[in-house]
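**Student:** Input coords_26.tsv, format and content: TSV, C-alpha atoms.
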chain	number	residue	atom	x	y	z
V	1	ASP	CA	-8.25	-8.70	16.96
V	2	GLY	CA	-5.52	-6.22	16.21
V	3	GLY	CA	-5.82	-3.98	13.23
V	4	ILE	CA	-6.15	-0.54	11.73
V	5	THR	CA	-9.46	1.30	11.80
V	6	GLN	CA	-10.18	4.09	9.36
V	7	SER	CA	-13.31	6.14	9.69
V	8	PRO	CA	-15.55	7.04	8.11
V	9	LYS	CA	-15.65	4.69	5.10
V	10	TYR	CA	-17.24	7.37	2.89
V	11	LEU	CA	-16.92	11.13	3.36
V	12	PHE	CA	-18.50	13.93	1.38
V	13	ARG	CA	-17.46	17.57	1.64
V	14	LYS	CA	-17.99	20.83	-0.16
V	15	GLU	CA	-15.07	22.49	-1.87
V	16	GLY	CA	-13.25	24.91	0.42
V	17	GLN	CA	-13.86	22.93	3.61
V	18	ASN	CA	-11.14	21.19	5.60
V	19	VAL	CA	-11.81	17.58	6.52
V	20	THR	CA	-10.05	15.18	8.90
V	21	LEU	CA	-9.72	11.45	8.28
V	22	SER	CA	-9.27	9.21	11.27
V	23	CYS	CA	-6.75	6.36	11.57
V	24	GLU	CA	-6.36	4.28	14.74
V	25	GLN	CA	-4.23	1.17	15.23
V	26	ASN	CA	-3.97	-1.29	18.10
V	27	LEU	CA	-1.02	-3.22	16.70
V	28	ASN	CA	1.52	-1.34	18.85
V	29	HIS	CA	3.31	-0.26	15.66
V	30	ASP	CA	5.74	2.62	15.79
V	31	ALA	CA	5.43	3.69	12.15
V	32	MET	CA	2.27	4.97	10.49
V	33	TYR	CA	1.63	6.14	6.94
V	34	TRP	CA	-0.98	7.87	4.79
V	35	TYR	CA	-1.34	6.98	1.12
V	36	ARG	CA	-3.58	8.30	-1.58
V	37	GLN	CA	-4.85	5.98	-4.32
V	38	ASP	CA	-6.24	7.24	-7.61
V	39	PRO	CA	-7.33	5.10	-10.58
V	40	GLY	CA	-4.37	4.30	-12.81
V	41	GLN	CA	-1.91	6.08	-10.50
V	42	GLY	CA	-1.05	3.54	-7.86
V	43	LEU	CA	-0.39	4.45	-4.24
V	44	ARG	CA	1.35	7.71	-3.43
V	45	LEU	CA	2.74	8.55	0.00
V	46	ILE	CA	1.37	11.68	1.64
V	47	TYR	CA	2.93	11.69	5.12
V	48	TYR	CA	4.57	9.19	7.42
V	49	SER	CA	5.56	9.05	11.08
V	50	GLN	CA	8.09	6.73	12.66
V	51	ILE	CA	7.63	7.92	16.24
V	52	VAL	CA	5.21	9.92	18.33
V	53	ASN	CA	5.43	13.68	17.86
V	54	ASP	CA	7.46	13.34	14.67
V	55	PHE	CA	6.40	13.03	11.03
V	56	GLN	CA	7.82	13.58	7.57
V	57	LYS	CA	6.41	14.66	4.23
V	58	GLY	CA	5.97	12.06	1.55
V	59	ASP	CA	5.79	12.60	-2.18
V	60	ILE	CA	2.54	14.59	-2.30
V	61	ALA	CA	2.23	16.40	1.06
V	62	GLU	CA	1.01	19.74	-0.32
V	63	GLY	CA	-2.50	20.54	0.88
V	64	TYR	CA	-2.41	17.96	3.67
V	65	SER	CA	-1.47	18.04	7.35
V	66	VAL	CA	-1.05	15.39	10.04
V	67	SER	CA	-0.40	15.02	13.76
V	68	ARG	CA	1.00	12.16	15.84
V	69	GLU	CA	0.20	12.92	19.47
V	70	LYS	CA	-0.41	9.29	20.37
V	71	LYS	CA	1.21	6.09	19.14
V	72	GLU	CA	-2.18	4.68	18.20
V	73	SER	CA	-3.49	7.61	16.19
V	74	PHE	CA	-2.42	9.40	13.02
V	75	PRO	CA	-5.19	11.67	11.69
V	76	LEU	CA	-4.92	13.28	8.27
V	77	THR	CA	-6.44	16.67	7.48
V	78	VAL	CA	-7.22	17.46	3.87
V	79	THR	CA	-7.18	21.23	3.61
V	80	SER	CA	-8.84	23.54	1.12
V	81	ALA	CA	-5.39	24.04	-0.43
V	82	GLN	CA	-5.43	20.51	-1.85
V	83	LYS	CA	-6.36	20.98	-5.51
V	84	ASN	CA	-7.80	17.53	-6.23
V	85	PRO	CA	-8.87	16.03	-2.90
V	86	THR	CA	-11.33	13.46	-4.23
V	87	ALA	CA	-9.59	10.10	-3.83
V	88	PHE	CA	-9.32	6.88	-1.82
V	89	TYR	CA	-7.16	7.40	1.28
V	90	LEU	CA	-5.35	4.52	2.93
V	91	CYS	CA	-3.68	4.46	6.33
V	92	ALA	CA	-0.98	1.90	7.11
V	93	SER	CA	1.33	0.93	9.94
V	94	SER	CA	4.37	-1.23	10.55
V	95	THR	CA	7.00	-2.08	13.09
V	96	THR	CA	10.59	-1.18	12.30
V	97	GLY	CA	12.98	-3.71	10.79
V	98	ASP	CA	13.28	-5.65	7.56
V	99	LEU	CA	10.72	-8.31	8.52
V	100	SER	CA	7.91	-5.83	9.02
V	101	PRO	CA	5.17	-5.96	6.41
V	102	LEU	CA	2.89	-3.00	6.01
V	103	HIS	CA	-0.62	-3.38	7.47
V	104	PHE	CA	-3.43	-1.34	5.92
V	105	GLY	CA	-6.81	-0.10	7.02
V	106	ASN	CA	-9.85	-0.42	4.78
V	107	GLY	CA	-9.62	3.11	3.51
V	108	THR	CA	-11.76	6.23	3.38
V	109	ARG	CA	-13.25	7.38	0.11
V	110	LEU	CA	-13.41	11.18	0.10
V	111	THR	CA	-15.57	13.00	-2.41
V	112	VAL	CA	-15.34	16.80	-2.62
V	113	THR	CA	-17.85	18.66	-4.78
S	1	LYS	CA	14.61	7.29	-8.12
S	2	GLN	CA	13.13	3.81	-7.73
S	3	GLU	CA	10.42	2.90	-10.20
S	4	VAL	CA	8.27	-0.22	-10.00
S	5	THR	CA	6.46	-1.60	-13.04
S	6	GLN	CA	3.79	-4.26	-13.26
S	7	ILE	CA	2.74	-5.48	-16.67
S	8	PRO	CA	0.12	-6.30	-17.85
S	9	ALA	CA	-2.34	-4.07	-16.01
S	10	ALA	CA	-5.04	-6.74	-16.21
S	11	LEU	CA	-5.16	-10.48	-16.69
S	12	SER	CA	-8.03	-12.94	-17.14
S	13	VAL	CA	-7.51	-16.69	-16.78
S	14	PRO	CA	-9.72	-19.77	-16.42
S	15	GLU	CA	-9.99	-21.44	-13.05
S	16	GLY	CA	-7.30	-24.00	-12.30
S	17	GLU	CA	-4.50	-22.34	-14.23
S	18	ASN	CA	-1.12	-21.78	-12.68
S	19	LEU	CA	-0.11	-18.19	-13.28
S	20	VAL	CA	2.77	-15.79	-12.84
S	21	LEU	CA	2.51	-12.09	-12.06
S	22	ASN	CA	5.55	-9.99	-12.83
S	23	CYS	CA	7.10	-7.01	-11.07
S	24	SER	CA	10.20	-5.12	-12.18
S	25	PHE	CA	12.15	-2.38	-10.42
S	26	THR	CA	14.87	-0.03	-11.61
S	27	ASP	CA	17.22	0.14	-8.60
S	28	SER	CA	18.52	-3.27	-7.55
S	29	ALA	CA	19.77	-1.99	-4.17
S	30	ILE	CA	16.58	-2.93	-2.36
S	31	TYR	CA	15.93	-3.69	1.30
S	32	ASN	CA	12.87	-5.85	0.83
S	33	LEU	CA	10.01	-6.46	-1.59
S	34	GLN	CA	6.40	-7.05	-0.64
S	35	TRP	CA	3.43	-8.43	-2.53
S	36	PHE	CA	-0.06	-7.24	-1.58
S	37	ARG	CA	-3.60	-8.13	-2.55
S	38	GLN	CA	-6.36	-5.54	-2.81
S	39	ASP	CA	-10.05	-6.34	-3.17
S	40	PRO	CA	-12.33	-3.67	-4.69
S	41	GLY	CA	-12.97	-0.80	-2.31
S	42	LYS	CA	-10.75	-2.30	0.38
S	43	GLY	CA	-7.31	-1.79	1.82
S	44	LEU	CA	-4.25	-3.83	0.96
S	45	THR	CA	-3.44	-7.18	2.55
S	46	SER	CA	0.19	-8.24	2.79
S	47	LEU	CA	0.78	-11.60	1.09
S	48	LEU	CA	4.53	-12.15	1.14
S	49	LEU	CA	7.63	-10.20	2.12
S	50	ILE	CA	11.03	-11.11	0.68
S	51	GLN	CA	14.16	-9.72	2.29
S	52	SER	CA	16.99	-8.65	0.00
S	53	SER	CA	19.06	-11.67	1.08
S	54	GLN	CA	16.30	-14.14	0.19
S	55	ARG	CA	15.44	-15.69	-3.18
S	56	GLU	CA	11.85	-16.70	-2.49
S	57	GLN	CA	9.02	-16.97	0.00
S	58	THR	CA	6.05	-19.32	0.03
S	59	SER	CA	2.62	-19.18	1.61
S	60	GLY	CA	0.11	-21.83	0.66
S	61	ARG	CA	-0.54	-21.64	-3.09
S	62	LEU	CA	1.56	-18.50	-3.41
S	63	ASN	CA	5.28	-18.34	-4.13
S	64	ALA	CA	7.20	-15.12	-4.62
S	65	SER	CA	10.69	-15.02	-6.04
S	66	LEU	CA	13.26	-12.24	-6.12
S	67	ASP	CA	16.13	-11.66	-8.54
S	68	LYS	CA	17.79	-8.43	-7.48
S	69	SER	CA	20.43	-8.45	-10.20
S	70	SER	CA	17.82	-8.38	-12.92
S	71	GLY	CA	15.43	-6.16	-10.98
S	72	ARG	CA	12.58	-8.65	-11.06
S	73	SER	CA	10.13	-10.42	-8.79
S	74	THR	CA	7.41	-12.88	-9.70
S	75	LEU	CA	4.34	-14.00	-7.78
S	76	TYR	CA	3.33	-17.53	-8.70
S	77	ILE	CA	-0.24	-18.59	-7.96
S	78	ALA	CA	-0.90	-22.32	-8.21
S	79	ALA	CA	-4.25	-23.76	-9.22
S	80	SER	CA	-6.01	-20.39	-9.43
S	81	GLN	CA	-9.55	-20.02	-8.02
S	82	PRO	CA	-12.27	-17.40	-8.58
S	83	GLY	CA	-11.57	-16.19	-5.03
S	84	ASP	CA	-8.09	-15.16	-6.19
S	85	SER	CA	-9.66	-12.42	-8.31
S	86	ALA	CA	-8.25	-9.15	-7.01
S	87	THR	CA	-5.58	-6.57	-7.73
S	88	TYR	CA	-2.04	-7.63	-6.86
S	89	LEU	CA	0.53	-4.96	-6.08
S	90	CYS	CA	4.24	-5.23	-5.47
S	91	ALA	CA	6.22	-2.67	-3.50
S	92	VAL	CA	9.92	-2.17	-2.97
S	93	LYS	CA	11.72	-0.71	0.03
S	94	THR	CA	15.14	0.71	-0.73
S	95	GLY	CA	16.44	1.24	2.81
S	96	ALA	CA	15.74	0.43	6.45
S	97	ASN	CA	14.00	3.72	7.08
S	98	SER	CA	12.89	4.51	3.57
S	99	LYS	CA	9.40	4.44	2.16
S	100	LEU	CA	7.86	1.78	-0.05
S	101	THR	CA	7.55	2.41	-3.78
S	102	PHE	CA	4.47	0.73	-5.23
S	103	GLY	CA	3.70	-0.59	-8.68
S	104	LYS	CA	0.28	0.20	-10.13
S	105	GLY	CA	-0.91	-3.36	-9.71
S	106	ILE	CA	-2.24	-6.18	-11.87
S	107	THR	CA	-5.99	-6.80	-11.79
S	108	LEU	CA	-6.56	-10.53	-11.97
S	109	SER	CA	-9.83	-12.14	-12.92
S	110	VAL	CA	-10.17	-15.91	-12.55
S	111	ARG	CA	-13.12	-17.21	-14.55
S	112	PRO	CA	-15.11	-20.18	-13.17
So, in terms of structure tokens, how does the structure I just supplied come out?
**Tutor:**
Amino acid sequence: DGGITQSPKYLFRKEGQNVTLSCEQNLNHDAMYWYRQDPGQGLRLIYYSQIVNDFQKGDIAEGYSVSREKKESFPLTVTSAQKNPTAFYLCASSTTGDLSPLHFGNGTRLTVT
Amino acid sequence: KQEVTQIPAALSVPEGENLVLNCSFTDSAIYNLQWFRQDPGKGLTSLLLIQSSQREQTSGRLNASLDKSSGRSTLYIAASQPGDSATYLCAVKTGANSKLTFGKGITLSVRP
């Protein structure tokens, strides 16, 4: 079955450490996205990529970095510069075009103490 | 800047009721609108996508309508079931290559 795999499901880190969240898709989608979800805040876009080796900042990119070396993979690094990293992180992908719904992974819950 | 609002934030209904979830957006020049379902601790599942040229889309017991001129969309759920309990989010895309803007969602509880 095609889908998006995010790993791990839960991640715990100490303050000051960088951490990388994995996102892999086998849907052959060109576009991939990272969202952050906080209680009462809705989804906010961190970074997105519409093609390999290219990506753009979303609304809250500060303290995060990404890479897109392969079509299937879009890892997100949460750096020590991110002030409030504890959150639920969601990866998504889509084809291009107006009939392309967004497909989501099951998320990674990151807790930084 | 596009803003998407979903009110109320939570809704509780008895099983069997037909119900309507509302979504409003500030910029009527949209490309498409999507409705998603999210179960606790999970990702989002796409339910329906309405293109800007369409008025409604249907899937099973779900029907989504779009009125661009008034900046509104509704998700109609017929004969609600306890399994429909989840958070429902709408999201608007304002251009072919633009990002989605999400509402904060409506948490629905269907009581047996």
**Student:** Using all atoms listed in the file, which residues sit within 7 Å of Gln37 (chain V) once same-chain residues fewer than 3 positions away are excluded, as an MDAnalysis selection string?
**Tutor:** chainID V and resid 41:44 87:89
**Student:** Separation of CA of Glu62 (chain V) and CA of Tyr35 (chain V), in Å?
**Tutor:**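 Answer for the CA of Glu62 (chain V) to CA of Tyr35 (chain V) separation: 13.1 Å.
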**Student:** Write out as a VMD selection string the residues lying within 9 Å of region 18-27 of chain S, counting all atoms listed in the file and excluding same-chain residues fewer than 2 positions away.
**Tutor:** chain S and resid 1 to 8 13 15 to 16 29 to 30 68 70 to 80 88 to 92 94 103 105 to 106
**Student:** Smallest atom-to-atom distance to chain S: which of V:Ser93, V:Ala81, V:Gly58, V:Gly63, using all atoms listed in the file?
**Tutor:**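 Of V:Ser93, V:Ala81, V:Gly58, V:Gly63, the one nearest chain S is V:Gly58, counting all atoms listed in the file.
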**Student:** Point out the residue among S:Asp67, S:Lys42, S:Arg111, S:Phe36 with the least atom-to-atom distance to Lys9 (chain V), counting all atoms listed in the file.
**Tutor:** S:Lys42
**Student:** Could you check the closest approach to chain S for each of V:Gln17, V:Thr95, V:Asn53, V:Gln82 and tell me which residue wins, using only C-alpha atoms?
**Tutor:**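 Smallest separation from chain S among the options: V:Thr95.
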**Student:** What residues in chain S lie within 6 Å of chain V, counting only C-alpha atoms, written as a short mmCIF file (atom, residue, chain, number, x, y, z; two decimals) with C-alpha atoms, keeping the file's coordinate frame?
**Tutor:**
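Below is the file that was written, out-v3.cif:
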data_model
loop_
_atom_site.label_atom_id
_atom_site.label_comp_id
_atom_site.auth_asym_id
_atom_site.auth_seq_id
_atom_site.Cartn_x
_atom_site.Cartn_y
_atom_site.Cartn_z
CA LYS S 42 -10.75 -2.30 0.38
CA GLY S 43 -7.31 -1.79 1.82
CA LEU S 44 -4.25 -3.83 0.96
CA LYS S 104 0.28 0.20 -10.13
#
**Student:** How many Å separate CA of Asn26 (chain V) from CA of Tyr64 (chain V)?
**Tutor:**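 We find that CA of Asn26 (chain V) and CA of Tyr64 (chain V) lie 24.1 Å from each other.
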**Student:** Could you give me, as a VMD selection string, the residues within 9 Å of Leu21 (chain V), counting all atoms listed in the file and dropping anything in the same chain fewer than 5 positions from it?
**Tutor:** chain V and resid 6 to 8 11 74 to 78 89 108 110
**Student:** Leaving out Gln56 (chain V) and any residue of its chain fewer than 4 positions from it, which residues lie within 12 Å of it when counting all atoms listed in the file, given as a list in words?
**Tutor:**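 Non-adjacent residues within range: Ala31, Met32, Tyr33, Trp34, Leu45, Ile46, Tyr47, Tyr48, Ser49, Gln50, Ile51, Val52, Ile60, Ala61, Tyr64, Ser65, Val66, Ser67 and Arg68 of chain V; Asn97, Ser98 and Lys99 of chain S.
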**Student:** Pop region 26-95 of chain V out of the structure in the block and write C-alpha atoms as a CSV table (one decimal), in the first residue's frame.
**Tutor:**
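Printed below is selection_34.csv as written:
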chain,number,residue,atom,x,y,z
V,26,ASN,CA,6.1,5.9,-1.9
V,27,LEU,CA,3.2,7.7,-3.6
V,28,ASN,CA,5.5,9.1,-6.3
V,29,HIS,CA,4.4,12.6,-5.3
V,30,ASP,CA,6.5,15.6,-6.3
V,31,ALA,CA,5.5,17.9,-3.5
V,32,MET,CA,6.2,17.4,0.2
V,33,TYR,CA,5.4,19.5,3.3
V,34,TRP,CA,6.2,19.7,7.0
V,35,TYR,CA,3.5,21.1,9.4
V,36,ARG,CA,3.6,21.7,13.1
V,37,GLN,CA,0.4,21.2,15.1
V,38,ASP,CA,0.0,22.7,18.6
V,39,PRO,CA,-3.2,22.6,20.7
V,40,GLY,CA,-5.5,25.5,19.8
V,41,GLN,CA,-3.2,26.7,17.0
V,42,GLY,CA,-4.1,24.6,14.0
V,43,LEU,CA,-1.6,23.5,11.5
V,44,ARG,CA,1.3,25.8,10.6
V,45,LEU,CA,3.6,25.2,7.6
V,46,ILE,CA,7.3,24.9,8.3
V,47,TYR,CA,8.9,24.0,5.0
V,48,TYR,CA,7.7,22.7,1.6
V,49,SER,CA,9.4,21.2,-1.5
V,50,GLN,CA,7.8,20.9,-4.9
V,51,ILE,CA,10.8,19.2,-6.6
V,52,VAL,CA,14.0,17.4,-5.7
V,53,ASN,CA,16.8,19.6,-4.5
V,54,ASP,CA,14.5,22.6,-4.0
V,55,PHE,CA,12.5,23.8,-1.0
V,56,GLN,CA,10.9,26.9,0.4
V,57,LYS,CA,10.3,28.3,3.8
V,58,GLY,CA,6.8,28.3,5.2
V,59,ASP,CA,5.3,30.5,7.8
V,60,ILE,CA,7.4,29.3,10.8
V,61,ALA,CA,10.8,28.1,9.3
V,62,GLU,CA,13.0,29.7,12.0
V,63,GLY,CA,14.9,27.0,13.9
V,64,TYR,CA,14.2,24.3,11.4
V,65,SER,CA,16.1,22.9,8.4
V,66,VAL,CA,15.2,20.4,5.6
V,67,SER,CA,16.7,18.6,2.7
V,68,ARG,CA,15.2,17.0,-0.4
V,69,GLU,CA,17.9,14.9,-2.0
V,70,LYS,CA,15.5,12.2,-3.1
V,71,LYS,CA,11.9,12.4,-4.3
V,72,GLU,CA,10.8,9.9,-1.6
V,73,SER,CA,12.4,11.6,1.4
V,74,PHE,CA,12.0,14.9,3.1
V,75,PRO,CA,13.7,14.9,6.6
V,76,LEU,CA,13.2,17.8,9.0
V,77,THR,CA,15.8,18.8,11.5
V,78,VAL,CA,14.7,20.7,14.6
V,79,THR,CA,17.7,22.7,15.7
V,80,SER,CA,18.6,24.1,19.1
V,81,ALA,CA,17.6,27.5,17.8
V,82,GLN,CA,13.9,26.6,17.8
V,83,LYS,CA,12.5,28.2,20.9
V,84,ASN,CA,9.5,25.9,21.5
V,85,PRO,CA,10.2,22.6,19.7
V,86,THR,CA,7.8,20.5,21.7
V,87,ALA,CA,4.9,19.8,19.3
V,88,PHE,CA,3.2,17.3,17.0
V,89,TYR,CA,4.9,17.3,13.6
V,90,LEU,CA,3.1,16.2,10.4
V,91,CYS,CA,4.6,15.4,7.0
V,92,ALA,CA,2.4,15.5,3.9
V,93,SER,CA,2.7,15.1,0.2
V,94,SER,CA,0.7,15.7,-3.0
V,95,THR,CA,0.9,15.7,-6.7
